[in-house]
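*Asks:* So I've got this file, upload.cif, and it contains mmCIF, C-alpha atoms:
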data_data
#
loop_
_atom_site.label_atom_id
_atom_site.label_comp_id
_atom_site.auth_asym_id
_atom_site.auth_seq_id
_atom_site.Cartn_x
_atom_site.Cartn_y
_atom_site.Cartn_z
CA MET A 1 0.00 0.00 0.00
CA ASP A 2 1.45 3.37 -0.99
CA LEU A 3 1.77 6.16 1.54
CA ARG A 4 -0.92 8.36 -0.01
CA LYS A 5 -3.50 5.57 0.05
CA ALA A 6 -2.66 4.76 3.67
CA GLU A 7 -3.08 8.43 4.57
CA LEU A 8 -6.51 8.61 2.90
CA ILE A 9 -7.69 5.47 4.70
CA SER A 10 -6.48 6.87 8.01
CA LEU A 11 -8.28 10.14 7.43
CA PHE A 12 -11.46 8.25 6.56
CA LEU A 13 -11.36 6.04 9.65
CA TRP A 14 -10.10 8.68 12.11
CA ARG A 15 -11.26 12.08 10.95
CA ARG A 16 -10.44 13.80 14.19
CA TYR A 17 -7.58 13.44 16.65
CA SER A 18 -8.46 11.09 19.48
CA PRO A 19 -6.49 11.30 22.74
CA THR A 20 -7.91 7.88 23.63
CA PHE A 21 -6.36 6.25 20.56
CA ASP A 22 -3.14 8.18 21.14
CA ARG A 23 -3.06 6.97 24.75
CA ILE A 24 -3.65 3.35 23.68
CA ASN A 25 -0.99 3.61 20.99
CA ARG A 26 1.65 4.88 23.40
CA ALA A 27 0.73 2.66 26.36
CA PRO A 28 3.26 -0.09 25.45
CA LEU A 29 6.05 2.45 25.96
CA LEU A 30 5.14 2.58 29.66
CA LYS A 31 5.52 -1.20 29.87
CA VAL A 32 8.90 -1.05 28.13
CA PHE A 33 10.03 1.72 30.48
CA ALA A 34 9.04 -0.35 33.53
CA GLU A 35 10.84 -3.41 32.19
CA GLU A 36 14.01 -1.48 31.42
CA ASN A 37 14.06 0.00 34.94
CA SER A 38 12.96 -3.04 36.91
CA THR A 39 15.96 -2.98 39.26
CA VAL A 40 15.42 0.47 40.82
CA PRO A 41 13.89 0.66 44.32
CA THR A 42 10.09 0.62 44.07
CA PHE A 43 7.43 1.39 46.63
CA SER A 44 3.73 0.74 47.05
CA ASP A 45 2.82 4.23 48.22
CA ARG A 46 3.88 7.82 47.78
CA SER A 47 4.92 8.51 51.37
CA ALA A 48 7.38 5.61 51.48
CA HIS A 49 8.78 6.83 48.18
CA PHE A 50 9.28 10.35 49.52
CA ARG A 51 10.93 9.08 52.71
CA PHE A 52 13.40 7.06 50.65
CA ILE A 53 14.34 10.10 48.56
CA GLU A 54 14.77 12.32 51.62
CA LYS A 55 16.75 9.85 53.74
CA GLU A 56 18.79 7.99 51.11
CA VAL A 57 19.30 10.60 48.38
CA ILE A 58 18.92 14.07 49.91
CA ARG A 59 20.04 12.87 53.37
CA ASP A 60 18.41 15.73 55.23
CA ALA A 61 20.48 18.40 53.46
CA PRO A 62 18.86 21.79 52.70
CA ILE A 63 16.90 21.93 49.44
CA ASP A 64 15.19 24.37 47.12
CA TYR A 65 11.91 22.55 46.53
CA LEU A 66 9.77 23.56 43.53
CA GLU A 67 6.30 22.02 43.26
CA PHE A 68 4.11 22.41 40.19
CA GLY A 69 0.50 21.53 40.95
CA VAL A 70 -0.14 22.23 44.64
CA TYR A 71 -3.94 21.78 44.85
CA ARG A 72 -4.76 21.46 48.57
CA GLY A 73 -1.11 21.37 49.62
CA ALA A 74 -0.82 17.77 50.87
CA THR A 75 2.43 16.98 49.07
CA LEU A 76 3.94 20.36 49.89
CA ARG A 77 3.19 19.91 53.58
CA GLU A 78 4.61 16.39 53.50
CA TRP A 79 7.91 17.64 52.16
CA THR A 80 8.15 20.45 54.70
CA GLU A 81 7.74 17.80 57.39
CA LEU A 82 10.29 15.46 55.82
CA ASN A 83 12.93 18.11 55.36
CA ARG A 84 13.19 20.27 58.47
CA ASP A 85 16.40 22.10 57.59
CA PRO A 86 15.79 25.82 58.31
CA SER A 87 17.76 26.77 55.19
CA SER A 88 15.43 24.86 52.89
CA ARG A 89 13.01 26.82 50.71
CA PHE A 90 9.70 25.60 49.30
CA PHE A 91 7.97 27.15 46.29
CA GLY A 92 4.50 26.01 45.22
CA PHE A 93 3.07 26.93 41.82
CA ASP A 94 -0.65 26.65 41.04
CA SER A 95 -3.51 28.77 39.72
CA PHE A 96 -5.87 27.12 42.24
CA GLU A 97 -8.51 27.46 39.52
CA GLY A 98 -8.30 23.93 38.17
CA LEU A 99 -6.90 22.38 35.00
CA PRO A 100 -6.61 24.87 32.11
CA GLU A 101 -7.58 22.15 29.60
CA ASP A 102 -9.07 18.66 29.49
CA TRP A 103 -6.91 15.82 30.81
CA ILE A 104 -8.15 12.22 31.08
CA PRO A 105 -11.82 11.14 31.17
CA GLY A 106 -13.35 12.38 34.41
CA PHE A 107 -10.87 15.23 34.72
CA SER A 108 -11.92 17.90 32.26
CA ARG A 109 -11.00 21.56 32.18
CA GLY A 110 -11.62 23.10 35.62
CA ALA A 111 -11.02 19.90 37.59
CA PHE A 112 -9.30 20.55 40.95
CA ASN A 113 -10.77 24.06 41.05
CA LEU A 114 -10.39 25.78 44.43
CA GLU A 115 -11.92 29.03 43.21
CA GLY A 116 -8.50 30.63 43.30
CA LYS A 117 -8.08 30.07 47.04
CA ALA A 118 -4.61 28.86 48.00
CA PRO A 119 -4.33 26.38 50.90
CA GLN A 120 -2.95 27.42 54.25
CA VAL A 121 0.56 26.07 54.80
CA ASP A 122 1.92 27.02 58.21
CA ASP A 123 5.63 27.05 57.45
CA THR A 124 7.57 30.27 56.96
CA ARG A 125 9.87 28.54 54.47
CA VAL A 126 6.98 28.16 52.01
CA SER A 127 6.10 30.59 49.23
CA LEU A 128 3.03 30.05 47.03
CA ILE A 129 3.10 31.48 43.50
CA LYS A 130 -0.45 31.85 42.21
CA GLY A 131 -1.29 31.74 38.50
CA LEU A 132 -0.74 29.65 35.40
CA PHE A 133 2.81 28.34 35.08
CA GLN A 134 3.13 30.12 31.73
CA ASN A 135 2.48 33.44 33.49
CA THR A 136 4.37 32.98 36.73
CA LEU A 137 7.36 30.72 36.14
CA PRO A 138 9.35 33.01 33.77
CA THR A 139 9.10 35.90 36.25
CA PHE A 140 10.04 33.65 39.16
CA LEU A 141 13.10 32.31 37.31
CA SER A 142 14.27 35.79 36.36
CA ARG A 143 14.59 36.57 40.08
CA TYR A 144 15.50 33.15 41.43
CA VAL A 145 18.93 32.71 43.00
CA ARG A 146 19.87 29.14 43.71
CA LYS A 147 20.88 28.43 47.30
CA ASN A 148 20.49 24.66 47.68
CA ARG A 149 20.12 21.42 45.76
CA ILE A 150 16.98 21.66 43.65
CA VAL A 151 14.17 19.16 44.11
CA VAL A 152 11.28 19.44 41.65
CA HIS A 153 7.89 17.79 42.09
CA ILE A 154 5.68 17.89 39.01
CA ASP A 155 1.99 17.15 39.48
CA ALA A 156 0.86 19.16 36.48
CA ASP A 157 -1.03 16.21 34.88
CA LEU A 158 -1.12 17.83 31.44
CA TYR A 159 1.45 17.35 28.70
CA SER A 160 1.53 21.07 27.86
CA SER A 161 2.01 22.22 31.45
CA THR A 162 4.65 19.60 32.21
CA LEU A 163 6.67 20.30 29.09
CA PHE A 164 6.55 24.04 29.75
CA VAL A 165 7.93 23.53 33.25
CA LEU A 166 10.74 21.20 32.14
CA VAL A 167 11.87 23.44 29.31
CA ASN A 168 11.89 26.53 31.52
CA ILE A 169 13.69 25.04 34.53
CA HIS A 170 16.30 23.32 32.36
CA ASN A 171 18.91 26.06 32.74
CA ILE A 172 18.74 26.16 36.55
CA LEU A 173 19.26 22.42 36.98
CA GLU A 174 22.65 21.01 37.93
CA PRO A 175 23.97 17.45 38.24
CA GLY A 176 22.48 15.83 41.32
CA ASP A 177 19.20 17.74 41.23
CA ILE A 178 16.02 15.67 41.49
CA ILE A 179 12.87 15.68 39.35
CA MET A 180 9.79 13.78 40.55
CA PHE A 181 6.58 13.08 38.66
CA ASP A 182 3.24 12.36 40.30
CA ASP A 183 1.27 11.01 37.32
CA PHE A 184 3.84 9.29 35.13
CA LEU A 185 1.25 6.63 34.27
CA ASP A 186 -0.48 8.68 31.56
CA PRO A 187 1.26 7.89 28.23
CA ILE A 188 0.37 11.27 26.70
CA GLY A 189 0.70 13.41 29.82
CA GLU A 190 3.72 13.78 32.10
CA PHE A 191 5.31 10.64 30.63
CA LYS A 192 5.29 11.99 27.07
CA ALA A 193 6.38 15.47 28.15
CA PHE A 194 9.39 14.04 29.99
CA PHE A 195 10.60 12.02 27.04
CA ASP A 196 10.07 14.87 24.58
CA TYR A 197 12.12 17.08 26.91
CA VAL A 198 14.88 14.48 27.27
CA LYS A 199 15.09 14.01 23.51
CA SER A 200 14.98 17.72 22.68
CA PHE A 201 17.65 18.73 25.21
CA ASN A 202 19.78 15.59 24.85
CA VAL A 203 19.86 14.95 28.59
CA LYS A 204 19.85 11.61 30.38
CA PRO A 205 18.26 11.83 33.84
CA LYS A 206 18.61 8.58 35.77
CA LEU A 207 15.59 6.93 37.37
CA ILE A 208 16.39 6.37 41.05
CA SER A 209 13.07 5.18 42.49
CA ALA A 210 9.41 4.74 41.67
CA VAL A 211 5.96 3.85 42.90
CA LYS A 212 4.37 1.03 40.92
CA TYR A 213 0.77 0.43 39.95
CA GLY A 214 0.67 -3.26 39.18
CA LYS A 215 3.58 -3.81 36.81
CA LEU A 216 3.59 -0.24 35.55
CA VAL A 217 5.50 2.74 36.89
CA TYR A 218 3.12 5.27 38.42
CA LYS A 219 5.24 7.90 40.23
CA THR A 220 8.93 8.47 39.53
CA ALA A 221 12.04 10.22 40.75
CA PHE A 222 15.00 11.03 38.51
CA VAL A 223 18.37 12.49 39.32
CA VAL A 224 19.78 14.91 36.75
#
Show this structure as structure tokens.
*Replies:*
Amino acid sequence: MDLRKAELISLFLWRRYSPTFDRINRAPLLKVFAEENSTVPTFSDRSAHFRFIEKEVIRDAPIDYLEFGVYRGATLREWTELNRDPSSRFFGFDSFEGLPEDWIPGFSRGAFNLEGKAPQVDDTRVSLIKGLFQNTLPTFLSRYVRKNRIVVHIDADLYSSTLFVLVNIHNILEPGDIIMFDDFLDPIGEFKAFFDYVKSFNVKPKLISAVKYGKLVYKTAFVV
């Protein structure tokens, strides 16, 4: 079958882009990724995963923690409790107005909406930056002065938001910095954004630990 005929058949069968078909088509890549990284430490829950990273990798040293996707602040609070060093700094980025576009079924545009109200986090080391990443991150980075090892937690869900964050923080990252993903299980979300970033910037972050969902990798931590 020649290429033109194949293209016409494809256009006839699938006249519009379908994220469902795209997700199904890319799903095997998640399985391959899990198989290729089967020897890294894995955990059954997020808290155990975080404790491992803090105690075995960070080792209670001061950090500059950047979180993208704060929602009600549970993860941010957990990290302030794990890392008690007074020199650590914690920055949380979120619009608190929900997802700016549709994600997976059941989580359409506006999901996780808190009506713009940021959660209360009672720790003076914490700064919340309110707004879309595209509007707030460039300004933040123009003023940011690195003081400690950088730890990034990405819970942006969306491909577009995740890729924007990775591309923009690229120049502040140094060897040994850590990038964590909360929803690595979506083949066309954080997972795809990470691999497009890695390919585009020719970088090779190393997976150091993960939370598994069955045989698949759900949450991940990489060292730059």
*Asks:* Report as a PyMOL selection string the full result of the PyMOL selection byres ((chain A and resi 93-104) around 6) when it is applied to this structure.
*Replies:* chain A and resi 68-70+92+105+107-116+129-132
*Asks:* Which residue, A:Asp182, A:Leu207, A:Phe222, A:Ser18, has the smallest gap to Asp45 (chain A) when you use all atoms listed in the file?
*Replies:*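 Under the stated criterion, the closest residue is A:Asp182.
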*Asks:* Give me the residues within 12 Å of region 32-41 of chain A as an mmCIF file with C-alpha atoms, in the coordinates of the input, counting only C-alpha atoms and dropping any in the same chain fewer than 2 places off.
*Replies:*
data_model
loop_
_atom_site.group_PDB
_atom_site.id
_atom_site.type_symbol
_atom_site.label_atom_id
_atom_site.label_comp_id
_atom_site.auth_asym_id
_atom_site.auth_seq_id
_atom_site.Cartn_x
_atom_site.Cartn_y
_atom_site.Cartn_z
ATOM 1 C CA ARG A 26 1.650 4.880 23.400
ATOM 2 C CA ALA A 27 0.730 2.660 26.360
ATOM 3 C CA PRO A 28 3.260 -0.090 25.450
ATOM 4 C CA LEU A 29 6.050 2.450 25.960
ATOM 5 C CA LEU A 30 5.140 2.580 29.660
ATOM 6 C CA PHE A 43 7.430 1.390 46.630
ATOM 7 C CA SER A 44 3.730 0.740 47.050
ATOM 8 C CA ALA A 48 7.380 5.610 51.480
ATOM 9 C CA HIS A 49 8.780 6.830 48.180
ATOM 10 C CA PHE A 50 9.280 10.350 49.520
ATOM 11 C CA PHE A 52 13.400 7.060 50.650
ATOM 12 C CA ILE A 53 14.340 10.100 48.560
ATOM 13 C CA GLU A 56 18.790 7.990 51.110
ATOM 14 C CA PHE A 184 3.840 9.290 35.130
ATOM 15 C CA LEU A 185 1.250 6.630 34.270
ATOM 16 C CA PRO A 187 1.260 7.890 28.230
ATOM 17 C CA PHE A 191 5.310 10.640 30.630
ATOM 18 C CA LYS A 192 5.290 11.990 27.070
ATOM 19 C CA PHE A 195 10.600 12.020 27.040
ATOM 20 C CA LYS A 206 18.610 8.580 35.770
ATOM 21 C CA LEU A 207 15.590 6.930 37.370
ATOM 22 C CA ILE A 208 16.390 6.370 41.050
ATOM 23 C CA SER A 209 13.070 5.180 42.490
ATOM 24 C CA ALA A 210 9.410 4.740 41.670
ATOM 25 C CA VAL A 211 5.960 3.850 42.900
ATOM 26 C CA LYS A 212 4.370 1.030 40.920
ATOM 27 C CA TYR A 213 0.770 0.430 39.950
ATOM 28 C CA GLY A 214 0.670 -3.260 39.180
ATOM 29 C CA LYS A 215 3.580 -3.810 36.810
ATOM 30 C CA LEU A 216 3.590 -0.240 35.550
ATOM 31 C CA VAL A 217 5.500 2.740 36.890
ATOM 32 C CA TYR A 218 3.120 5.270 38.420
ATOM 33 C CA LYS A 219 5.240 7.900 40.230
ATOM 34 C CA THR A 220 8.930 8.470 39.530
ATOM 35 C CA ALA A 221 12.040 10.220 40.750
ATOM 36 C CA PHE A 222 15.000 11.030 38.510
#
*Asks:* Between A:Ser160, A:Ser87, A:Ser47, A:Thr139, which residue has the minimum interatomic distance to Tyr65 (chain A), considering all atoms listed in the file?
*Replies:*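 Between A:Ser160, A:Ser87, A:Ser47, A:Thr139, the residue approaching Tyr65 (chain A) most closely is A:Ser87.
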*Asks:* Measure the distance from CA of Val223 (chain A) to CA of Ile178 (chain A) in Å and round it to one decimal.
*Replies:*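 Taking CA of Val223 (chain A) as the start and CA of Ile178 (chain A) as the end point, the length is 4.5 Å.
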*Asks:* Excluding Leu76 (chain A) and residues on its chain fewer than 3 positions from it, collect all residues at most 9 Å away from it, counting all atoms listed in the file, and give them as a PyMOL selection string.
*Replies:* chain A and resi 65+67+70+72-73+79-81+90-92+121+126
*Asks:* Interatomic distance between CA of Lys55 (chain A) and CA of Ser88 (chain A)?
*Replies:*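 Calculated distance between CA of Lys55 (chain A) and CA of Ser88 (chain A) is 15.1 Å.
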*Asks:* Using all atoms listed in the file, find the one residue out of A:Arg89, A:Asp22, A:Asn148, A:Ala61 that sits nearest to Leu128 (chain A).
*Replies:*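 The shortest atom-to-atom distance to Leu128 (chain A) comes from A:Arg89.
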*Asks:* CA of Arg46 (chain A) and CA of Ala156 (chain A), how far apart in Å?
*Replies:*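 Interatomic distance here is 16.3 Å.
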*Asks:* Nearest to Ile179 (chain A): which of A:Ala118, A:Leu66, A:Val167, A:Leu137 is it, counting all atoms listed in the file?
*Replies:*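 Closest residue, counting all atoms listed in the file: A:Leu66.
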*Asks:* Taking all atoms listed in the file into account, name the residue in A:Phe194, A:Ile172, A:Asp186, A:Arg51 that is nearest to Lys147 (chain A).
*Replies:*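 Between A:Phe194, A:Ile172, A:Asp186, A:Arg51, the residue approaching Lys147 (chain A) most closely is A:Ile172.
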*Asks:* Give the answer as one residue: which of A:Val152, A:Ile63, A:Leu166, A:Val224 has the shortest atom-to-atom distance to Leu82 (chain A), using all atoms listed in the file?
*Replies:*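 Among the listed residues, the smallest separation from Leu82 (chain A) belongs to A:Ile63.
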*Asks:* What would the list of residues within 7 Å of (5.3, 18.3, 29.9) (file frame) look like as a list of chain:residue names, if all atoms listed in the file are what count?
*Replies:*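 Those residues lying close to the given coordinates are A:Leu158, A:Tyr159, A:Ser160, A:Ser161, A:Thr162, A:Leu163, A:Phe164, A:Val165, A:Leu166, A:Gly189, A:Glu190, A:Lys192, A:Ala193, A:Phe194.
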*Asks:* Kindly add all heavy atoms to the incomplete region 207-218 of chain A and provide the output as a tab-separated table (two decimals), in the frame of the given file.
*Replies:*
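Output below, filename part.tsv:
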chain	number	residue	atom	x	y	z
A	207	LEU	N	16.66	7.32	36.45
A	207	LEU	CA	15.59	6.93	37.37
A	207	LEU	C	16.21	6.35	38.63
A	207	LEU	O	17.04	5.44	38.56
A	207	LEU	CB	14.67	5.91	36.72
A	207	LEU	CG	13.47	5.47	37.56
A	207	LEU	CD1	12.47	6.61	37.70
A	207	LEU	CD2	12.79	4.25	36.95
A	208	ILE	N	15.82	6.86	39.79
A	208	ILE	CA	16.39	6.37	41.05
A	208	ILE	C	15.38	5.63	41.91
A	208	ILE	O	15.77	4.83	42.77
A	208	ILE	CB	17.02	7.52	41.86
A	208	ILE	CG1	16.01	8.66	42.09
A	208	ILE	CG2	18.28	8.03	41.18
A	208	ILE	CD1	16.53	9.75	43.01
A	209	SER	N	14.09	5.87	41.70
A	209	SER	CA	13.07	5.18	42.49
A	209	SER	C	11.71	5.43	41.87
A	209	SER	O	11.54	6.34	41.05
A	209	SER	CB	13.09	5.64	43.95
A	209	SER	OG	12.92	7.04	44.04
A	210	ALA	N	10.74	4.61	42.26
A	210	ALA	CA	9.41	4.74	41.67
A	210	ALA	C	8.35	4.10	42.57
A	210	ALA	O	8.65	3.28	43.42
A	210	ALA	CB	9.38	4.08	40.29
A	211	VAL	N	7.12	4.52	42.34
A	211	VAL	CA	5.96	3.85	42.90
A	211	VAL	C	5.30	3.09	41.75
A	211	VAL	O	5.14	3.64	40.66
A	211	VAL	CB	4.95	4.86	43.50
A	211	VAL	CG1	3.68	4.15	43.96
A	211	VAL	CG2	5.59	5.61	44.66
A	212	LYS	N	4.95	1.83	41.98
A	212	LYS	CA	4.37	1.03	40.92
A	212	LYS	C	2.88	0.83	41.11
A	212	LYS	O	2.38	0.75	42.23
A	212	LYS	CB	5.07	-0.33	40.84
A	212	LYS	CG	6.40	-0.29	40.11
A	212	LYS	CD	6.86	-1.68	39.72
A	212	LYS	CE	8.07	-1.61	38.79
A	212	LYS	NZ	8.49	-2.95	38.35
A	213	TYR	N	2.19	0.76	39.99
A	213	TYR	CA	0.77	0.43	39.95
A	213	TYR	C	0.67	-0.86	39.16
A	213	TYR	O	0.74	-0.85	37.94
A	213	TYR	CB	-0.02	1.55	39.29
A	213	TYR	CG	-1.52	1.30	39.23
A	213	TYR	CD1	-2.31	1.52	40.35
A	213	TYR	CD2	-2.12	0.87	38.06
A	213	TYR	CE1	-3.68	1.32	40.29
A	213	TYR	CE2	-3.49	0.66	38.00
A	213	TYR	CZ	-4.26	0.88	39.12
A	213	TYR	OH	-5.62	0.66	39.06
A	214	GLY	N	0.55	-1.98	39.86
A	214	GLY	CA	0.67	-3.26	39.18
A	214	GLY	C	2.09	-3.42	38.68
A	214	GLY	O	3.05	-3.27	39.44
A	215	LYS	N	2.25	-3.67	37.40
A	215	LYS	CA	3.58	-3.81	36.81
A	215	LYS	C	4.07	-2.52	36.18
A	215	LYS	O	5.19	-2.45	35.67
A	215	LYS	CB	3.57	-4.93	35.77
A	215	LYS	CG	3.34	-6.32	36.35
A	215	LYS	CD	3.44	-7.38	35.27
A	215	LYS	CE	3.25	-8.77	35.86
A	215	LYS	NZ	3.35	-9.84	34.83
A	216	LEU	N	3.23	-1.49	36.19
A	216	LEU	CA	3.59	-0.24	35.55
A	216	LEU	C	4.12	0.77	36.55
A	216	LEU	O	3.77	0.76	37.73
A	216	LEU	CB	2.38	0.34	34.81
A	216	LEU	CG	1.83	-0.49	33.65
A	216	LEU	CD1	0.63	0.21	33.05
A	216	LEU	CD2	2.89	-0.72	32.58
A	217	VAL	N	4.95	1.67	36.06
A	217	VAL	CA	5.50	2.74	36.89
A	217	VAL	C	4.47	3.87	36.98
A	217	VAL	O	3.99	4.36	35.97
A	217	VAL	CB	6.83	3.25	36.29
A	217	VAL	CG1	7.27	4.51	37.01
A	217	VAL	CG2	7.89	2.18	36.38
A	218	TYR	N	4.14	4.25	38.20
A	218	TYR	CA	3.12	5.27	38.42
A	218	TYR	C	3.75	6.62	38.76
A	218	TYR	O	3.55	7.62	38.08
A	218	TYR	CB	2.21	4.80	39.55
A	218	TYR	CG	1.04	5.71	39.88
A	218	TYR	CD1	0.61	6.69	39.00
A	218	TYR	CD2	0.36	5.56	41.08
A	218	TYR	CE1	-0.47	7.50	39.31
A	218	TYR	CE2	-0.72	6.36	41.40
A	218	TYR	CZ	-1.13	7.34	40.52
A	218	TYR	OH	-2.19	8.16	40.83
